[in-house]
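**Q** final03.tsv is reproduced below (TSV, C-alpha atoms).
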chain	number	residue	atom	x	y	z
A	1	MET	CA	10.37	2.14	-28.86
A	2	VAL	CA	10.99	5.77	-29.82
A	3	LEU	CA	11.60	8.23	-27.02
A	4	ALA	CA	9.86	11.48	-27.88
A	5	MET	CA	11.96	14.61	-28.18
A	6	ALA	CA	9.21	16.99	-27.14
A	7	GLY	CA	10.14	19.70	-24.69
A	8	THR	CA	13.72	20.09	-25.95
A	9	ALA	CA	15.25	23.40	-26.87
A	10	GLN	CA	15.68	23.60	-30.65
A	11	ALA	CA	18.69	24.84	-32.65
A	12	GLU	CA	20.23	26.43	-29.58
A	13	THR	CA	23.46	26.15	-27.60
A	14	VAL	CA	23.28	26.58	-23.83
A	15	PHE	CA	26.06	26.32	-21.25
A	16	VAL	CA	25.19	25.01	-17.78
A	17	ARG	CA	27.66	25.76	-14.99
A	18	ALA	CA	27.66	23.09	-12.27
A	19	GLY	CA	29.33	23.59	-8.91
A	20	HIS	CA	29.62	19.81	-8.60
A	21	LEU	CA	28.43	17.14	-11.01
A	22	VAL	CA	27.18	13.70	-9.95
A	23	ASP	CA	28.13	11.08	-12.53
A	24	PRO	CA	26.08	7.92	-11.87
A	25	GLU	CA	27.73	6.08	-14.76
A	26	ARG	CA	31.09	6.26	-12.98
A	27	GLY	CA	29.71	6.50	-9.46
A	28	THR	CA	31.64	9.70	-8.78
A	29	VAL	CA	31.09	13.34	-7.86
A	30	GLU	CA	33.12	15.73	-9.99
A	31	GLY	CA	34.15	19.29	-9.22
A	32	ALA	CA	33.10	22.39	-11.13
A	33	ARG	CA	32.07	21.58	-14.67
A	34	VAL	CA	30.39	23.22	-17.65
A	35	LEU	CA	27.94	21.24	-19.75
A	36	ARG	CA	27.54	22.39	-23.33
A	37	VAL	CA	24.01	21.66	-24.50
A	38	GLU	CA	23.13	21.66	-28.19
A	39	ASP	CA	19.62	21.09	-29.49
A	40	GLY	CA	18.47	19.70	-26.17
A	41	ARG	CA	21.26	17.16	-25.69
A	42	VAL	CA	24.58	17.24	-23.86
A	43	ALA	CA	27.31	17.88	-26.42
A	44	ALA	CA	30.31	18.13	-24.09
A	45	ILE	CA	31.38	18.32	-20.45
A	46	MET	CA	34.30	20.64	-19.75
A	47	PRO	CA	36.21	22.03	-16.77
A	48	ASP	CA	34.77	25.34	-15.67
A	49	GLY	CA	36.34	28.33	-17.38
A	50	ALA	CA	35.77	31.18	-19.77
A	51	LEU	CA	32.81	30.86	-22.13
A	52	PRO	CA	32.22	32.43	-25.55
A	53	ALA	CA	31.10	36.05	-25.54
A	54	GLY	CA	27.33	36.33	-25.62
A	55	ALA	CA	26.82	32.67	-24.70
A	56	LYS	CA	23.54	31.68	-23.09
A	57	VAL	CA	24.50	30.49	-19.61
A	58	ILE	CA	22.50	28.84	-16.86
A	59	ASP	CA	24.56	29.42	-13.74
A	60	TRP	CA	24.20	26.56	-11.27
A	61	SER	CA	27.71	27.04	-9.88
A	62	ARG	CA	26.43	27.09	-6.30
A	63	TYR	CA	24.61	23.76	-6.70
A	64	THR	CA	25.25	20.07	-7.14
A	65	VAL	CA	23.92	18.91	-10.50
A	66	LEU	CA	22.56	15.43	-11.29
A	67	PRO	CA	20.82	13.81	-14.24
A	68	GLY	CA	17.06	14.15	-14.13
A	69	LEU	CA	15.60	11.47	-11.89
A	70	ILE	CA	13.43	8.56	-13.05
A	71	ASP	CA	10.48	7.01	-11.22
A	72	MET	CA	9.52	3.61	-12.59
A	73	HIS	CA	6.20	3.32	-10.76
A	74	VAL	CA	3.81	6.25	-10.91
A	75	HIS	CA	0.09	6.70	-11.56
A	76	LEU	CA	-0.17	10.23	-12.96
A	77	ALA	CA	-3.41	9.91	-14.90
A	78	ASP	CA	-5.66	8.92	-12.04
A	79	THR	CA	-7.22	9.95	-8.77
A	80	GLY	CA	-5.12	9.63	-5.65
A	81	GLU	CA	-5.68	6.93	-3.05
A	82	THR	CA	-8.41	7.70	-0.48
A	83	ASN	CA	-10.51	5.89	2.10
A	84	ASN	CA	-13.22	5.26	-0.50
A	85	PRO	CA	-12.78	2.13	-2.70
A	86	ALA	CA	-15.22	3.68	-5.18
A	87	GLU	CA	-13.12	6.86	-5.59
A	88	PRO	CA	-12.34	6.21	-9.30
A	89	LEU	CA	-16.10	6.22	-10.03
A	90	LEU	CA	-16.56	9.70	-8.55
A	91	HIS	CA	-14.62	11.53	-11.27
A	92	SER	CA	-15.26	11.94	-14.97
A	93	ALA	CA	-12.63	11.10	-17.55
A	94	MET	CA	-12.33	14.82	-18.31
A	95	GLU	CA	-11.72	15.68	-14.66
A	96	VAL	CA	-9.11	12.94	-14.35
A	97	ALA	CA	-7.34	14.37	-17.42
A	98	TYR	CA	-6.89	17.70	-15.63
A	99	MET	CA	-5.71	15.87	-12.51
A	100	GLY	CA	-3.14	14.09	-14.63
A	101	ALA	CA	-1.83	17.35	-16.06
A	102	ALA	CA	-1.37	18.76	-12.56
A	103	ASN	CA	0.31	15.56	-11.36
A	104	ALA	CA	2.70	15.61	-14.30
A	105	ARG	CA	3.78	19.18	-13.58
A	106	THR	CA	4.26	18.44	-9.89
A	107	THR	CA	6.36	15.37	-10.69
A	108	LEU	CA	8.60	17.26	-13.11
A	109	PHE	CA	9.13	20.07	-10.63
A	110	ALA	CA	10.17	17.48	-8.02
A	111	GLY	CA	13.07	16.59	-10.29
A	112	PHE	CA	11.67	13.51	-12.02
A	113	THR	CA	12.15	14.14	-15.71
A	114	SER	CA	11.21	10.61	-16.84
A	115	VAL	CA	8.61	8.19	-15.50
A	116	HIS	CA	7.09	4.80	-16.19
A	117	ASP	CA	3.36	5.31	-15.70
A	118	VAL	CA	2.15	1.84	-14.80
A	119	GLY	CA	-1.57	2.24	-15.09
A	120	CYS	CA	-4.78	4.12	-14.62
A	121	TYR	CA	-8.31	2.92	-14.16
A	122	ARG	CA	-9.63	4.73	-17.23
A	123	ALA	CA	-7.89	3.07	-20.15
A	124	PHE	CA	-5.41	5.16	-22.13
A	125	GLY	CA	-5.56	8.18	-19.83
A	126	ASP	CA	-1.81	7.74	-19.35
A	127	VAL	CA	-1.25	7.41	-23.12
A	128	GLU	CA	-3.13	10.66	-23.78
A	129	LEU	CA	-1.24	12.45	-21.01
A	130	ARG	CA	2.04	11.27	-22.54
A	131	ASN	CA	0.90	12.54	-25.94
A	132	ALA	CA	-0.13	15.91	-24.51
A	133	ILE	CA	3.30	16.31	-22.89
A	134	ASN	CA	5.05	15.31	-26.11
A	135	ARG	CA	3.00	17.86	-28.08
A	136	GLY	CA	3.86	20.56	-25.56
A	137	ASP	CA	0.24	21.05	-24.52
A	138	VAL	CA	1.09	20.45	-20.85
A	139	ILE	CA	4.33	20.35	-18.92
A	140	GLY	CA	5.55	17.07	-17.51
A	141	PRO	CA	8.18	14.33	-17.57
A	142	ARG	CA	8.98	11.99	-20.41
A	143	MET	CA	6.51	9.16	-20.04
A	144	ALA	CA	6.30	5.50	-20.90
A	145	ALA	CA	2.67	4.38	-20.54
A	146	VAL	CA	0.94	1.00	-20.26
A	147	GLY	CA	-2.60	1.99	-21.27
A	148	ALA	CA	-4.49	-0.26	-18.84
A	149	TYR	CA	-3.95	-3.07	-16.35
A	150	ILE	CA	-3.97	-6.69	-17.55
A	151	THR	CA	-5.84	-8.27	-14.65
A	152	ALA	CA	-8.02	-11.20	-13.69
A	153	PRO	CA	-11.76	-10.48	-13.17
A	154	GLY	CA	-12.21	-8.96	-9.73
A	155	GLY	CA	-8.44	-8.90	-9.30
A	156	GLY	CA	-5.92	-6.37	-8.14
A	157	GLY	CA	-6.35	-4.19	-11.24
A	158	GLU	CA	-10.11	-3.79	-10.89
A	159	VAL	CA	-12.27	-1.32	-8.97
A	160	THR	CA	-13.53	-3.64	-6.24
A	161	GLY	CA	-15.60	-3.53	-3.07
A	162	LEU	CA	-18.78	-2.45	-4.85
A	163	ALA	CA	-22.27	-3.95	-4.70
A	164	ALA	CA	-22.78	-6.78	-7.17
A	165	ASP	CA	-25.26	-4.80	-9.29
A	166	VAL	CA	-23.04	-1.72	-9.69
A	167	HIS	CA	-21.82	-1.38	-13.28
A	168	VAL	CA	-18.17	-0.40	-13.62
A	169	PRO	CA	-17.57	1.60	-16.84
A	170	ASP	CA	-16.15	-0.42	-19.71
A	171	ASP	CA	-13.07	1.77	-19.98
A	172	MET	CA	-12.14	0.69	-16.44
A	173	ARG	CA	-12.20	-2.97	-17.50
A	174	ALA	CA	-10.28	-2.76	-20.76
A	175	GLY	CA	-7.59	-5.20	-19.60
A	176	VAL	CA	-9.69	-7.84	-17.82
A	177	VAL	CA	-8.75	-11.32	-19.06
A	178	ASN	CA	-9.81	-14.93	-18.49
A	179	SER	CA	-7.38	-16.94	-20.64
A	180	PRO	CA	-4.08	-16.76	-22.54
A	181	ASP	CA	-6.02	-16.11	-25.76
A	182	GLU	CA	-7.75	-13.11	-24.16
A	183	VAL	CA	-4.38	-11.87	-22.91
A	184	THR	CA	-3.04	-11.98	-26.46
A	185	GLN	CA	-6.07	-10.08	-27.72
A	186	LYS	CA	-6.04	-7.44	-24.99
A	187	VAL	CA	-2.28	-6.86	-25.10
A	188	ASN	CA	-2.42	-6.35	-28.86
A	189	TYR	CA	-5.31	-3.93	-28.31
A	190	LEU	CA	-3.25	-1.90	-25.83
A	191	PHE	CA	-0.29	-1.65	-28.20
A	192	GLN	CA	-2.55	-0.73	-31.10
A	193	HIS	CA	-3.81	2.22	-29.05
A	194	GLY	CA	-0.44	3.56	-27.98
A	195	ALA	CA	0.88	1.60	-25.01
A	196	ASP	CA	4.68	1.62	-24.67
A	197	SER	CA	4.89	-1.41	-22.38
A	198	ILE	CA	2.53	-3.79	-20.57
A	199	LYS	CA	1.58	-4.01	-16.90
A	200	LEU	CA	0.34	-7.34	-15.51
A	201	ILE	CA	-1.43	-7.67	-12.18
A	202	ALA	CA	0.06	-11.04	-11.27
A	203	THR	CA	-1.17	-11.12	-7.64
A	204	GLY	CA	-3.72	-9.42	-5.46
A	205	ALA	CA	-3.22	-5.83	-4.39
A	206	VAL	CA	-3.09	-3.92	-1.12
A	207	PHE	CA	-5.55	-1.31	-2.41
A	208	ALA	CA	-8.18	-3.63	-3.84
A	209	ILE	CA	-10.96	-4.84	-1.55
A	210	GLY	CA	-11.30	-8.62	-1.42
A	211	THR	CA	-8.00	-9.48	-3.07
A	212	VAL	CA	-5.15	-11.21	-1.23
A	213	ALA	CA	-1.85	-9.46	-1.81
A	214	GLY	CA	0.17	-12.66	-1.82
A	215	GLN	CA	-2.20	-14.72	-3.95
A	216	GLN	CA	-1.38	-15.34	-7.61
A	217	GLU	CA	-4.18	-14.16	-9.92
A	218	LEU	CA	-2.81	-14.52	-13.46
A	219	THR	CA	-1.52	-17.93	-14.55
A	220	GLU	CA	2.01	-18.37	-15.79
A	221	ASP	CA	0.63	-19.20	-19.24
A	222	GLU	CA	-1.37	-15.96	-19.27
A	223	MET	CA	1.71	-13.96	-18.33
A	224	ARG	CA	3.78	-15.80	-20.93
A	225	ALA	CA	1.22	-14.84	-23.59
A	226	ALA	CA	1.61	-11.17	-22.70
A	227	VAL	CA	5.40	-11.39	-22.88
A	228	ALA	CA	5.22	-13.09	-26.29
A	229	VAL	CA	3.12	-10.28	-27.77
A	230	ALA	CA	5.30	-7.59	-26.23
A	231	GLN	CA	8.50	-9.17	-27.49
A	232	ALA	CA	7.04	-9.51	-30.98
A	233	ARG	CA	6.38	-5.76	-30.89
A	234	GLY	CA	9.83	-4.90	-29.57
A	235	SER	CA	8.50	-4.05	-26.14
A	236	TRP	CA	8.45	-5.52	-22.65
A	237	VAL	CA	6.33	-6.41	-19.63
A	238	THR	CA	6.36	-5.57	-15.96
A	239	ALA	CA	4.33	-7.40	-13.31
A	240	HIS	CA	2.73	-6.14	-10.13
A	241	ALA	CA	3.44	-9.03	-7.78
A	242	HIS	CA	3.51	-9.20	-3.98
A	243	GLY	CA	3.44	-12.96	-3.38
A	244	ALA	CA	6.42	-15.30	-3.82
A	245	ALA	CA	4.64	-17.75	-6.14
A	246	GLY	CA	3.31	-14.99	-8.41
A	247	ILE	CA	6.72	-13.30	-8.54
A	248	LYS	CA	8.48	-16.49	-9.62
A	249	ALA	CA	5.79	-17.34	-12.17
A	250	ALA	CA	6.14	-13.86	-13.69
A	251	ILE	CA	9.93	-14.14	-13.86
A	252	ARG	CA	9.70	-17.57	-15.49
A	253	ALA	CA	7.18	-16.10	-17.96
A	254	GLY	CA	9.80	-13.59	-19.09
A	255	VAL	CA	8.85	-10.22	-17.56
A	256	ARG	CA	11.51	-7.53	-17.41
A	257	GLY	CA	10.56	-6.23	-13.99
A	258	ILE	CA	8.63	-7.02	-10.81
A	259	GLU	CA	6.81	-4.20	-9.03
A	260	HIS	CA	6.54	-4.36	-5.23
A	261	ALA	CA	8.08	-7.85	-4.76
A	262	SER	CA	6.96	-7.50	-1.14
A	263	LEU	CA	6.88	-11.17	-0.15
A	264	ILE	CA	9.63	-12.43	-2.44
A	265	ASP	CA	11.56	-15.40	-1.04
A	266	ASP	CA	15.21	-16.37	-1.37
A	267	GLU	CA	14.46	-18.52	-4.41
A	268	GLY	CA	12.74	-15.56	-6.07
A	269	ILE	CA	15.68	-13.26	-5.36
A	270	ALA	CA	18.09	-15.82	-6.84
A	271	LEU	CA	15.84	-16.26	-9.87
A	272	ALA	CA	15.65	-12.49	-10.44
A	273	LYS	CA	19.43	-12.27	-10.20
A	274	ALA	CA	19.96	-15.19	-12.60
A	275	ARG	CA	17.48	-13.87	-15.19
A	276	GLY	CA	18.58	-10.23	-14.94
A	277	VAL	CA	15.09	-9.15	-13.84
A	278	PHE	CA	14.66	-5.74	-12.23
A	279	LEU	CA	12.97	-5.49	-8.84
A	280	ASP	CA	11.07	-2.22	-8.46
A	281	MET	CA	10.37	-2.03	-4.74
A	282	ASP	CA	8.37	0.90	-3.32
A	283	VAL	CA	9.89	0.85	0.16
A	284	TYR	CA	8.64	4.30	1.25
A	285	ASN	CA	4.90	4.42	0.85
A	286	GLY	CA	3.99	1.85	3.51
A	287	ASP	CA	4.75	4.48	6.15
A	288	TRP	CA	2.58	7.06	4.39
A	289	THR	CA	-0.31	4.60	4.20
A	290	ASP	CA	0.06	3.62	7.83
A	291	GLU	CA	-0.01	7.23	9.05
A	292	VAL	CA	-2.60	8.71	6.69
A	293	GLY	CA	-4.68	5.55	6.44
A	294	ARG	CA	-5.22	5.44	10.16
A	295	ARG	CA	-5.94	9.16	10.31
A	296	ASP	CA	-8.42	9.03	7.42
A	297	HIS	CA	-9.93	5.65	8.28
A	298	TYR	CA	-8.93	3.67	5.20
A	299	PRO	CA	-10.71	0.30	4.91
A	300	GLU	CA	-9.36	-2.25	7.36
A	301	ASP	CA	-8.62	-4.57	4.42
A	302	TYR	CA	-6.18	-1.97	3.08
A	303	MET	CA	-4.52	-1.38	6.42
A	304	ARG	CA	-4.08	-5.06	7.26
A	305	LYS	CA	-2.44	-5.80	3.91
A	306	ASN	CA	-0.22	-2.73	4.21
A	307	THR	CA	1.02	-4.02	7.56
A	308	GLU	CA	1.57	-7.51	6.16
A	309	THR	CA	3.72	-6.25	3.30
A	310	THR	CA	5.64	-3.15	4.49
A	311	LEU	CA	8.32	-4.61	6.77
A	312	ALA	CA	8.57	-7.82	4.77
A	313	GLN	CA	9.23	-5.81	1.62
A	314	ARG	CA	11.98	-3.76	3.25
A	315	GLN	CA	13.68	-6.87	4.58
A	316	ALA	CA	13.48	-8.42	1.12
A	317	PHE	CA	14.90	-5.22	-0.39
A	318	GLN	CA	17.86	-5.50	1.96
A	319	LYS	CA	18.45	-9.09	0.83
A	320	ALA	CA	18.17	-8.09	-2.82
A	321	VAL	CA	20.76	-5.32	-2.35
A	322	ARG	CA	23.18	-7.80	-0.78
A	323	ALA	CA	22.52	-10.31	-3.57
A	324	GLY	CA	23.31	-7.75	-6.27
A	325	VAL	CA	19.90	-7.86	-7.93
A	326	LYS	CA	19.12	-4.98	-10.30
A	327	LEU	CA	16.99	-2.57	-8.25
A	328	SER	CA	15.26	0.31	-9.99
A	329	PHE	CA	13.57	3.32	-8.37
A	330	GLY	CA	9.79	3.04	-8.21
A	331	THR	CA	7.58	4.68	-5.61
A	332	ASP	CA	3.90	3.99	-6.46
A	333	ALA	CA	3.26	7.73	-6.48
A	334	GLY	CA	-0.49	8.19	-6.48
A	335	VAL	CA	-0.83	6.00	-3.41
A	336	TYR	CA	0.69	9.06	-1.72
A	337	PRO	CA	0.75	12.61	-3.16
A	338	HIS	CA	2.75	13.20	-6.32
A	339	GLY	CA	5.88	15.25	-5.84
A	340	LEU	CA	7.06	13.42	-2.74
A	341	ASN	CA	8.82	10.76	-4.82
A	342	ALA	CA	12.29	11.59	-3.51
A	343	ARG	CA	11.33	10.65	0.05
A	344	GLN	CA	12.08	7.07	-0.96
A	345	PHE	CA	15.83	7.68	-1.28
A	346	LYS	CA	16.26	7.80	2.49
A	347	TYR	CA	14.48	4.47	2.88
A	348	MET	CA	16.63	2.80	0.23
A	349	VAL	CA	19.72	3.93	2.13
A	350	GLN	CA	18.29	2.84	5.48
A	351	TRP	CA	17.69	-0.63	4.04
A	352	GLY	CA	21.08	-1.31	2.57
A	353	MET	CA	22.05	0.96	-0.32
A	354	THR	CA	24.73	3.60	-0.33
A	355	PRO	CA	23.48	7.05	-1.38
A	356	MET	CA	25.23	6.63	-4.73
A	357	GLN	CA	23.53	3.28	-5.29
A	358	ALA	CA	20.17	4.87	-4.57
A	359	ILE	CA	20.95	7.67	-7.05
A	360	GLN	CA	22.01	5.09	-9.63
A	361	ALA	CA	18.73	3.24	-9.06
A	362	ALA	CA	16.87	6.42	-10.04
A	363	THR	CA	19.11	7.19	-13.00
A	364	THR	CA	21.20	4.59	-14.84
A	365	THR	CA	19.38	1.50	-13.56
A	366	SER	CA	15.88	2.82	-14.23
A	367	ALA	CA	16.98	4.09	-17.64
A	368	ALA	CA	18.15	0.57	-18.44
A	369	MET	CA	14.82	-0.89	-17.31
A	370	LEU	CA	13.00	1.54	-19.59
A	371	GLY	CA	15.32	0.71	-22.47
A	372	TRP	CA	16.22	4.41	-22.67
A	373	SER	CA	19.86	4.29	-21.52
A	374	ARG	CA	21.11	6.13	-24.61
A	375	ASP	CA	18.80	9.06	-23.89
A	376	VAL	CA	18.21	9.50	-20.14
A	377	GLY	CA	19.67	8.58	-16.76
A	378	ALA	CA	23.08	10.19	-17.33
A	379	LEU	CA	24.65	13.43	-18.56
A	380	SER	CA	27.47	12.11	-20.72
A	381	PRO	CA	27.51	13.45	-24.29
A	382	GLY	CA	24.59	12.30	-26.38
A	383	HIS	CA	22.07	12.14	-23.57
A	384	TYR	CA	19.15	14.51	-23.27
A	385	ALA	CA	20.03	17.55	-21.19
A	386	ASP	CA	17.66	16.52	-18.39
A	387	MET	CA	19.20	17.67	-15.13
A	388	ILE	CA	18.43	18.95	-11.66
A	389	ALA	CA	20.17	21.21	-9.15
A	390	VAL	CA	20.21	20.68	-5.38
A	391	ASP	CA	21.86	22.30	-2.40
A	392	GLY	CA	24.47	20.07	-0.81
A	393	ASP	CA	25.95	16.70	-1.69
A	394	PRO	CA	23.35	13.94	-2.10
A	395	THR	CA	26.04	11.27	-1.85
A	396	GLN	CA	26.57	12.41	1.73
A	397	ASP	CA	22.97	13.32	2.59
A	398	VAL	CA	20.53	11.76	0.16
A	399	THR	CA	17.60	13.72	1.63
A	400	VAL	CA	18.74	16.86	-0.22
A	401	LEU	CA	17.05	15.27	-3.24
A	402	GLU	CA	13.71	15.95	-1.52
A	403	HIS	CA	14.29	19.67	-2.17
A	404	VAL	CA	15.14	20.15	-5.84
A	405	VAL	CA	15.91	23.79	-6.55
A	406	HIS	CA	15.98	23.85	-10.37
A	407	VAL	CA	15.02	21.51	-13.22
A	408	ILE	CA	16.11	21.45	-16.85
A	409	LYS	CA	14.37	19.15	-19.35
A	410	GLY	CA	15.83	18.81	-22.80
A	411	GLY	CA	18.02	21.87	-22.32
A	412	GLU	CA	15.07	24.07	-21.30
A	413	LEU	CA	14.89	25.54	-17.80
A	414	VAL	CA	11.46	24.50	-16.54
A	415	LYS	CA	11.89	25.27	-12.82
Kindly transcribe the structure held in the file into structure tokens.

**A**
Amino acid sequence: MVLAMAGTAQAETVFVRAGHLVDPERGTVEGARVLRVEDGRVAAIMPDGALPAGAKVIDWSRYTVLPGLIDMHVHLADTGETNNPAEPLLHSAMEVAYMGAANARTTLFAGFTSVHDVGCYRAFGDVELRNAINRGDVIGPRMAAVGAYITAPGGGGEVTGLAADVHVPDDMRAGVVNSPDEVTQKVNYLFQHGADSIKLIATGAVFAIGTVAGQQELTEDEMRAAVAVAQARGSWVTAHAHGAAGIKAAIRAGVRGIEHASLIDDEGIALAKARGVFLDMDVYNGDWTDEVGRRDHYPEDYMRKNTETTLAQRQAFQKAVRAGVKLSFGTDAGVYPHGLNARQFKYMVQWGMTPMQAIQAATTTSAAMLGWSRDVGALSPGHYADMIAVDGDPTQDVTVLEHVVHVIKGGELVK
């Protein structure tokens, strides 16, 4: 997989003064430093001092500087969650494209310079948004896109809750499968049209009428077929999975990551640890859904499943932290408004992580899950100059990450 270089400053040297520098690779906070940026990448990190006459300097000496953050579970190219199960049908593809552009800008300005976009109802909307960002047509984070959901008919990746005679547009059913052979066909189709990775809907979903969050929907053989195609193409697979059986089937099938993992059991945690599988657990948004869902009268099916999964997921997260499982940073942004991604840090700390571990989840660990460790997730020489500035020390108060002051992407000051 090639990580696009779009958005980087070209043929230019920039010096960034940092009051303090968080180094997630070492797990330390360094004092005043200067980062020399050449052609959009970090060339050197030096003690603060005199700089060449006429040098271009970005002075962040009053701030703490971190690598740009990574969210492994966003839905930029789609409508937000509402109380209407038919919401995706109320917006044209063109309208959703403009929504996606706005969401991308908001996400970047919140300090998230890379994201894994794990699906949209209109197939390839995420791929086209990624391409527009890479061309420089719109501003946004570096994106890895999945193209469409691989889902069982009527499953967690479908628009559900409609009358039986309502026709759902074909582009909203691009990844619907009934057999391992269809999985092979559809996964190849997604890669042929620009997907970076593959998203399986292994179990039912909270926000899908009539599906049971804990119930397995794709068979292990179907998931194994997806993994085989992805591996043959040098790529990888992640699985939306709430229920314990579906989680373990997906891990056995060879996925790289599990999204949600809400009802994972001890056997599943041990299996994830043994296989080196990432758990991508969105431990914040249950509170948003509970508050806003009640206020806005979300369907009772949504609210019941949110209650069934929220506390259980947080307790499982705590167990996974103690077990030393690889935990990335994924929020399911789109279920709640984009730009609030950093609210999750506080919840990760409340449920067992140190602030530095939570920062590492959103930098080095998520970069490793993406397969982009050489390019993002750190600020050591060779990495893209993706960085953010915040007031205060996030290793003492992780909530300062909710208020990013400045953002640089690829050596270019974008906020």

**Q** Could you tell me how far atom CA of A:Tyr149 lies from atom CA of A:Thr309, in Å and to one decimal?

**A** 21.3 Å

**Q** Can you tell me which residues surround A:Ala102 at a distance of at most 9 Å, considering only C-alpha atoms, apart from same-chain residues fewer than 5 positions away, and format the answer as a list of chain:residue names?

**A** A:Leu76, A:Ala97, A:Thr107, A:Val138, A:Ile139, A:Gly140

**Q** The residues within 12 Å of (28.7, 18.0, -18.0), using all atoms listed in the file and the coordinates of the file, should be reported as a PyMOL selection string; which are they?

**A** chain A and resi 14-23+29-37+41-48+60+64-67+378-387

**Q** Report as CSV: every residue of stretch 229-308 of chain A with an atom at most 7 Å from stretch 205-212 of chain A, its closest pair of atoms, and their distance in Å to one decimal, counting all atoms listed in the file, with rows sorted by chain and ascending residue number.

**A**
residue,atom,partner,partner_atom,distance
A:Asp301,CA,A:Ile209,CA,6.4
A:Tyr302,CA,A:Phe207,CA,5.6
A:Lys305,CA,A:Val206,CA,5.4
A:Asn306,CA,A:Val206,CA,6.2

**Q** Go ahead and save the picked residues with C-alpha atoms, as an mmCIF file, keeping the file's coordinate frame.

**A**
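Okay, again.cif is ready:
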data_model
loop_
_atom_site.group_PDB
_atom_site.id
_atom_site.type_symbol
_atom_site.label_atom_id
_atom_site.label_comp_id
_atom_site.auth_asym_id
_atom_site.auth_seq_id
_atom_site.Cartn_x
_atom_site.Cartn_y
_atom_site.Cartn_z
ATOM 1 C CA ASP A 301 -8.620 -4.570 4.420
ATOM 2 C CA TYR A 302 -6.180 -1.970 3.080
ATOM 3 C CA LYS A 305 -2.440 -5.800 3.910
ATOM 4 C CA ASN A 306 -0.220 -2.730 4.210
#

**Q** Considering all atoms listed in the file, can you say which of A:Leu401, A:Asn83, A:Val390, A:Gly125 comes closest to A:Arg294?

**A**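 Selected residue with least distance to A:Arg294: A:Asn83.
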
**Q** Write out as a list of chain:residue names which residues come within 9 Å of A:Gly254 when counting only C-alpha atoms, dropping same-chain ones fewer than 6 positions away.

**A**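 The filter keeps A:Met223, A:Arg224, A:Val227, A:Ala228, A:Trp236, A:Val237, A:Arg275, A:Val277.
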
**Q** Create the file for the chosen residues now, containing C-alpha atoms and written as a PDB file, in the coordinates of the input.

**A**
ATOM      1  CA  MET A 223       1.710 -13.960 -18.330  1.00  0.00           C
ATOM      2  CA  ARG A 224       3.780 -15.800 -20.930  1.00  0.00           C
ATOM      3  CA  VAL A 227       5.400 -11.390 -22.880  1.00  0.00           C
ATOM      4  CA  ALA A 228       5.220 -13.090 -26.290  1.00  0.00           C
ATOM      5  CA  TRP A 236       8.450  -5.520 -22.650  1.00  0.00           C
ATOM      6  CA  VAL A 237       6.330  -6.410 -19.630  1.00  0.00           C
ATOM      7  CA  ARG A 275      17.480 -13.870 -15.190  1.00  0.00           C
ATOM      8  CA  VAL A 277      15.090  -9.150 -13.840  1.00  0.00           C
TER       9      VAL A 277
END

**Q** Counting all atoms listed in the file, figure out which residue out of A:Pro24, A:Gly339, A:Gly334, A:Pro52 gets nearest to A:Gly119.

**A**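 Ranked by minimum distance to A:Gly119, first place goes to A:Gly334.
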
**Q** Which residue gives the smallest distance to A:Ile247 among A:Ala132, A:Leu218, A:Ala368, A:Ala261, with all atoms listed in the file counted?

**A**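 Smallest separation from A:Ile247 among the options: A:Ala261.
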
**Q** Would you pick out the contacts of A:Arg233 at 12 Å or less, using all atoms listed in the file, so that residues sharing its chain but fewer than 6 positions from it are not included, and give the list as a short mmCIF file (atom, residue, chain, number, x, y, z; two decimals) with C-alpha atoms, in the coordinates of the input?

**A**
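In the end it all went to result-v9.cif:
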data_model
loop_
_atom_site.label_atom_id
_atom_site.label_comp_id
_atom_site.auth_asym_id
_atom_site.auth_seq_id
_atom_site.Cartn_x
_atom_site.Cartn_y
_atom_site.Cartn_z
CA MET A 1 10.37 2.14 -28.86
CA VAL A 187 -2.28 -6.86 -25.10
CA ASN A 188 -2.42 -6.35 -28.86
CA LEU A 190 -3.25 -1.90 -25.83
CA PHE A 191 -0.29 -1.65 -28.20
CA GLN A 192 -2.55 -0.73 -31.10
CA GLY A 194 -0.44 3.56 -27.98
CA ALA A 195 0.88 1.60 -25.01
CA ASP A 196 4.68 1.62 -24.67
CA SER A 197 4.89 -1.41 -22.38
CA ILE A 198 2.53 -3.79 -20.57
CA ALA A 226 1.61 -11.17 -22.70
CA VAL A 227 5.40 -11.39 -22.88
#

**Q** For A:Ala244, which residue out of A:Thr82, A:Gln231, A:Gln313, A:Gln185 is the nearest one, using all atoms listed in the file?

**A** A:Gln313

**Q** Between atom CA of A:Gly111 and atom CA of A:Arg135, what distance in Å does the model show, to one decimal?

**A**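 Going from atom CA of A:Gly111 over to atom CA of A:Arg135 covers 20.5 Å.
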
**Q** Can you work out the spacing between atom CA of A:Phe345 and atom CA of A:Thr399 in Å, to one decimal?

**A**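 Calculated distance between atom CA of A:Phe345 and atom CA of A:Thr399 is 6.9 Å.
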
**Q** From the list A:Gly100, A:Lys326, A:Val398, A:His75, which residue is nearest A:Ala358 when using only C-alpha atoms?

**A**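 Ranking A:Gly100, A:Lys326, A:Val398, A:His75 by distance to A:Ala358, first place goes to A:Val398.
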
**Q** Skip A:Glu158 itself and residues of its chain fewer than 4 positions away, then list as a count of residues only all residues within 9 Å of it, counting only C-alpha atoms.

**A** 10

**Q** Using all atoms listed in the file, can you tell me which of A:Met369, A:Leu89, A:Ala272, A:Leu51 comes closest to A:Ala323?

**A**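 Closest residue, counting all atoms listed in the file: A:Ala272.
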
**Q** Would you compute an axis-aligned box for stretch 389-399 of chain A, covering every atom listed for it in the file with 3 Å of margin on each side, and report centre and edge lengths in Å to one decimal as JSON?

**A**
{"center_x": 22.1, "center_y": 16.8, "center_z": -3.3, "size_x": 15.0, "size_y": 17.0, "size_z": 17.7}
